[in-house]
Amino acid sequence: MRAIGLGAAVLAGMLAAAPLQAKSFTWAFSSDIMTLDPHASNNTFTNAFANNIYEGLTRHNARIEIEPALAERWEIVTPTTWRFHLRRGVTFHDGSPFTADDVVFSWQRMNTQGALVRRTIGPVTEVKKIDDHTVEFTTSQPYPVLLSSLTHFFVMSKTWAEKNNATTSSNLSERQESPASRMANGTGPFRLKLREADTRTVLEANTTWWDKPAHNLTEVIYQPIRSAATRTAALLSGALDATVELPLQDMARVEADQRLQIVQGPELRTIYFGFDHHRDELLYSDVKGKNPFKDIRVRQAIYQAIDVEAIKRQVMRGQSWPAGMMASPFLTGAPQDLNQRLFPYDPEASKKLLAEAGYPEGFSVGLSCPNDRYVYDERICLATIAMLGRVGIRVQPQIEPLNVWSRRVNQHDVSMFMLGHAGLPLADAWYVLSEVIQTKSATTGGLNGGRYSNPKIDELTQAASRETDEAKRRAIMREAFDLERRDIAHVPLHQQPIVWASKRGVELAQGPDNRLRLWLVRMP
C-alpha cells in the first residue's frame with residue numbers, strides 16, 4: 001500500500017478530529033539526536049525532533065505554511081520592528097507559566113557561545129519585553145522571512161534554566177554540555193520521559209498542551225538504528241511502527257507485506273552538480289592554463305549530456321522529480337514557471353558546443369561525489385560519468401564517504417561536484433539564493449562550493465532580503481533564479497524522494513521538509 005503525502009483536506013480532518021484510543025508509537029531513523037538543548041544545534045533532524053518538545057513563536061505545518069504557535073498574532077510596527085502578541089494560558093512542562101520574560105531570556109541564551117541556532121534567526125538585534133504577553137523584535141534591516149526564522153526560536157523557561165544551571169547553551173564543537181543537553185522543559189505537545197543517548201528517547205504526551213491535539217499518542221519511543229537493513233528488518237518484524245528513512249531498494253519488500261504501507265513524496269532538497277567557477281586552472285583536469293568551466297558553452301554541453309529522465313528511470317527507480325531550477329517548487333517564493341528543463345538532453349549538441357569552445361576531443365576532469373549522503377548518490381554519479389564520457393568528457397571519479405567528501409567541498413578542493421540543498425531551516429527560496437548562489441563571503445554563500453559569483457544576482461538577493469511586499473519579493477527572486485539558470489551556474493538534477501514506511505493505517509502527515517511532526521501522528 002502506498003500513500004503520497006497528505007493533502008489539505010486530510011490534514012484538516014486530522015486537526016478537527018478528537019483523539020480516539022490513545023497509543024504508543026515507536027519509530028526509527030539512521031542517527032540519534034545530537035542534543036536535547038534547543039539552542040545548541042543547527043542539525044536538521046535534531047531541530048525537528050526538538051520541535052516536538054520546544055516551540056517557537058511560529059511553526060511550519062506539514063504543507064510548509066507558517067502558523068501561529070507561541071505567538072497568537074503579530075504586526076510590523078516599523079520596517080525593522082515586529083510586535084508579537086504571545087499566547088495566554090500556556091504553561092511549560094513543569095507547570096510554570098509562559099511569559100515575555102521567557103522569550104527575552106531565550107534570545108539572550110541564543111547569543112551565548114555554542115548556540116548554533118542563532119544562525120537561523122537572521123538579522124535580529126534586540127528582543128524587548130513590552131508587557132507580560134507582548135514582545136518586540138528589532139532587526140538590523142527589513143527582514144521579510146522573520147516569521148520563518150522564528151520557527152526555530154525555541155523558547156525555554158527562564159526560571160527552569162536558572163534553577164538547573166542551564167542559562168548558557170551547550171557547545172557541541174567544544175564538547176561542553178549544559179544540563180539542558182539531557183533534560184528538557186518546553187511548552188510543546190510532548191514532554192521528555194527518558195533519554196538514553198544512542199539507544200532510545202521516550203516522550204509522553206503533554207496533556208496540558210495549549211493546542212488541540214490531532215494525535216492520539218500517549219507515549220513515543222524513538223530508536224536510532226544506523227543500519228538501513230536492520231531498520232527495515234525491525235519494521236518487517238513488527239518491532240517498529242514506522243521508519244522515516246526507507247531505502248528505495250527495500251520498497252518492494254515493504255509493499256509486498258499487507259501489514260505495512262509506504263508514504264512518499266518529493267523532498268525539498270534539490271540534487272545538483274556544481275563547477276569550480278573561481279580558479280583560473282582547475283585542480284583536477286588535463287586542461288592547463290585555463291578553466292573550461294568559465295565558458296558557458298562547456299557548462300551547457302555538460303547540462304545537455306546528462307539525461308535526467310534516464311537517471312530517474314534507471315537509477316532512482318522512477319522515484320525522483322526532475323528539476324528545472326535550483327529551488328524546489330515547494331519552497332515559499334519559488335518561481336513555479338522556471339521549474340522546466342532549460343535545454344533538452346542532446347549529446348550531439350554537447351559535442352558541438354565542446355568543439356566550439358575549443359575542446360573537440362573533450363577533456364578530463366575530477367567529479368567529487370559522496371557515497372552515503374543522498375539517495376543513490378554514488379549510482380547517480382556513475383551514470384553521469386558514463387553519459388559525459390559519450391561526449392568526450394573523461395571523468396576522474398572522486399567518490400568518497402560523507403566526512404571526506406564534505407571536507408573536500410567545504411575547502412573548495414573540487415573541480416566538479418555533487419551537492420544538495422533543501423532551503424531549510426527557513427523553507428524559503430530566498431535561503432537557496434543566499435546560501436548556494438550568492439557570492440561567498442563571511443555571511444553569504446555558505447554552500448557556494450564552486451564560488452560562483454554574479455554581481456547582479458547578489459544585488460537581487462540582497463534586495464529580496466529586505467523587500468517586505470511579498471509580490472515584489474517574489475518577482476525579485478524570480479529574476480535572480482532566472483539569471484542563474486540561464487548562466488548555467490549549476491546543473492540541477494532532481495528533487496529526491498522522501499520514503500517513509502509504517503504499519504498500515506498509521507497517519508504520518510509527511511511534508512516535503514522530511515520532518516516527522518509527532519503532534520500529527522495517529523495510530524489506528
# chains A, B, ... in the order shown; residues from 1 in each chain; ligands from 1

$ select_by_dssp --residues "stretch 282-496 of chain A" --states "helix (DSSP H, G or I)" --output "PyMOL selection string"
chain A and resi 292-294+296-305+308-315+336-338+347-356+377-389+402-410+429-437+455-466+470-486

$ residues_around --residues "A:Ile437" --least-positions-apart "4" --cutoff "7 Å" --atoms "only C-alpha atoms" --output "ChimeraX atom specification"
/A:432-433,445,448,452

$ write_last_selection --atoms "N, CA and C atoms" --output "PDB file, in the first residue's frame"
ATOM      1  N   VAL A 432      17.954  29.626  -0.546  1.00  0.00           N
ATOM      2  CA  VAL A 432      18.780  28.975  -1.563  1.00  0.00           C
ATOM      3  C   VAL A 432      19.647  30.020  -2.263  1.00  0.00           C
ATOM      4  N   LEU A 433      19.051  31.153  -2.621  1.00  0.00           N
ATOM      5  CA  LEU A 433      19.831  32.225  -3.233  1.00  0.00           C
ATOM      6  C   LEU A 433      20.968  32.663  -2.317  1.00  0.00           C
ATOM      7  N   GLY A 445      26.615  32.789   0.944  1.00  0.00           N
ATOM      8  CA  GLY A 445      27.224  31.766   0.112  1.00  0.00           C
ATOM      9  C   GLY A 445      27.874  30.640   0.875  1.00  0.00           C
ATOM     10  N   ASN A 448      28.122  27.719  -1.337  1.00  0.00           N
ATOM     11  CA  ASN A 448      28.544  28.028  -2.703  1.00  0.00           C
ATOM     12  C   ASN A 448      29.877  27.335  -2.953  1.00  0.00           C
ATOM     13  N   TYR A 452      30.815  30.472  -7.287  1.00  0.00           N
ATOM     14  CA  TYR A 452      30.166  31.210  -8.376  1.00  0.00           C
ATOM     15  C   TYR A 452      29.893  32.630  -7.907  1.00  0.00           C
TER      16      TYR A 452
END

$ closest_residue --among "A:Arg317, A:Lys294, A:Lys351, A:Lys288" --to "A:Asp250" --atoms "only C-alpha atoms"
A:Arg317

$ closest_residue --among "A:Thr159, A:Ser453, A:Asn165, A:Asn206" --to "A:Phe275" --atoms "only C-alpha atoms"
A:Ser453

$ closest_residue --among "A:Ser178, A:Asn339, A:Thr80, A:Thr58" --to "A:Asp482" --atoms "only C-alpha atoms"
A:Asn339

$ closest_residue --among "A:His421, A:Arg195, A:Arg373, A:Arg451" --to "A:Arg279" --atoms "only C-alpha atoms"
A:Arg451

$ closest_residue --among "A:Pro344, A:Pro492, A:Pro425, A:Gly446" --to "A:Arg515" --atoms "only C-alpha atoms"
A:Pro425

$ residues_around --residues "A:Met325" --least-positions-apart "2" --cutoff "8 Å" --atoms "only C-alpha atoms" --output "MDAnalysis selection string"
chainID A and resid 323 327:328 338:341 481 485 492

$ residues_around --residues "A:Phe343" --least-positions-apart "4" --cutoff "9 Å" --atoms "only C-alpha atoms" --output "PyMOL selection string"
chain A and resi 300+303-304

$ closest_residue --among "A:Asp469, A:Asp337, A:Glu356, A:Glu126" --to "A:Ala301" --atoms "only C-alpha atoms"
A:Glu356

$ residues_around --residues "stretch 397-413 of chain A" --least-positions-apart "4" --cutoff "12 Å" --atoms "only C-alpha atoms" --output "PDB file with C-alpha atoms, in the first residue's frame"
ATOM      1  CA  PHE A 273      26.147  19.346  -9.971  1.00  0.00           C
ATOM      2  CA  GLY A 274      28.345  22.380  -9.410  1.00  0.00           C
ATOM      3  CA  PHE A 275      31.506  23.694 -11.047  1.00  0.00           C
ATOM      4  CA  ASP A 276      34.669  25.425  -9.879  1.00  0.00           C
ATOM      5  CA  HIS A 277      33.966  28.909 -11.248  1.00  0.00           C
ATOM      6  CA  HIS A 278      36.808  30.527  -9.307  1.00  0.00           C
ATOM      7  CA  ARG A 279      40.185  29.106 -10.290  1.00  0.00           C
ATOM      8  CA  LEU A 282      41.243  23.511 -12.463  1.00  0.00           C
ATOM      9  CA  LEU A 283      42.801  21.322  -9.801  1.00  0.00           C
ATOM     10  CA  TYR A 284      41.749  18.044 -11.400  1.00  0.00           C
ATOM     11  CA  SER A 285      41.902  18.329 -15.195  1.00  0.00           C
ATOM     12  CA  SER A 364      39.363  15.162 -18.357  1.00  0.00           C
ATOM     13  CA  VAL A 365      38.039  16.432 -15.039  1.00  0.00           C
ATOM     14  CA  GLY A 366      37.511  15.217 -11.486  1.00  0.00           C
ATOM     15  CA  LEU A 367      33.966  14.713 -10.145  1.00  0.00           C
ATOM     16  CA  SER A 368      33.552  14.752  -6.358  1.00  0.00           C
ATOM     17  CA  CYS A 369      30.589  12.750  -5.051  1.00  0.00           C
ATOM     18  CA  PRO A 370      29.506  11.257  -1.731  1.00  0.00           C
ATOM     19  CA  ASN A 371      28.548   7.603  -1.458  1.00  0.00           C
ATOM     20  CA  ASP A 372      26.464   7.841   1.724  1.00  0.00           C
ATOM     21  CA  ARG A 373      24.769  11.254   1.784  1.00  0.00           C
ATOM     22  CA  TYR A 374      21.935  11.387  -0.782  1.00  0.00           C
ATOM     23  CA  ASP A 377      24.317   9.382  -4.802  1.00  0.00           C
ATOM     24  CA  GLU A 378      27.107   7.074  -5.999  1.00  0.00           C
ATOM     25  CA  ARG A 379      24.896   5.468  -8.650  1.00  0.00           C
ATOM     26  CA  ILE A 380      23.849   8.886  -9.961  1.00  0.00           C
ATOM     27  CA  CYS A 381      27.478   9.900 -10.292  1.00  0.00           C
ATOM     28  CA  LEU A 382      28.483   6.674 -12.024  1.00  0.00           C
ATOM     29  CA  ALA A 383      25.613   7.077 -14.503  1.00  0.00           C
ATOM     30  CA  THR A 384      26.649  10.693 -15.111  1.00  0.00           C
ATOM     31  CA  ILE A 385      30.269   9.678 -15.680  1.00  0.00           C
ATOM     32  CA  ALA A 386      29.127   7.302 -18.425  1.00  0.00           C
ATOM     33  CA  LEU A 388      29.719  12.573 -20.023  1.00  0.00           C
ATOM     34  CA  GLY A 389      32.127  10.031 -21.451  1.00  0.00           C
ATOM     35  CA  PHE A 417      30.955  18.161  -7.616  1.00  0.00           C
ATOM     36  CA  MET A 418      27.579  16.854  -6.463  1.00  0.00           C
ATOM     37  CA  LEU A 419      25.677  18.706  -3.751  1.00  0.00           C
ATOM     38  CA  GLY A 420      22.114  19.074  -2.459  1.00  0.00           C
ATOM     39  CA  LYS A 440      30.698  33.559  -0.961  1.00  0.00           C
ATOM     40  CA  GLY A 445      27.224  31.766   0.112  1.00  0.00           C
ATOM     41  CA  GLY A 446      27.892  29.220   2.834  1.00  0.00           C
ATOM     42  CA  LEU A 447      27.169  26.344   0.411  1.00  0.00           C
ATOM     43  CA  ASN A 448      28.544  28.028  -2.703  1.00  0.00           C
ATOM     44  CA  GLY A 449      31.018  25.205  -3.248  1.00  0.00           C
ATOM     45  CA  GLY A 450      32.131  26.395  -6.683  1.00  0.00           C
ATOM     46  CA  ARG A 451      32.487  30.044  -5.610  1.00  0.00           C
ATOM     47  CA  TYR A 452      30.166  31.210  -8.376  1.00  0.00           C
TER      48      TYR A 452
END

$ atom_distance --atom1 "atom CA of A:Ala355" --atom2 "atom CA of A:Val308"
23.2 Å

$ residues_around --residues "stretch 129-143 of chain A" --least-positions-apart "6" --cutoff "7 Å" --atoms "only C-alpha atoms" --output "VMD selection string"
chain A and resid 79 to 86 99 to 101 104 123 465 to 468

$ select_by_dssp --residues "stretch 26-273 of chain A" --states "strand (DSSP E or B)" --output "ChimeraX atom specification"
/A:26-29,58-60,66-68,71-78,81-86,91,97,124-131,134-139,171,176,190-196,200-205,217-224,242-243,260-273
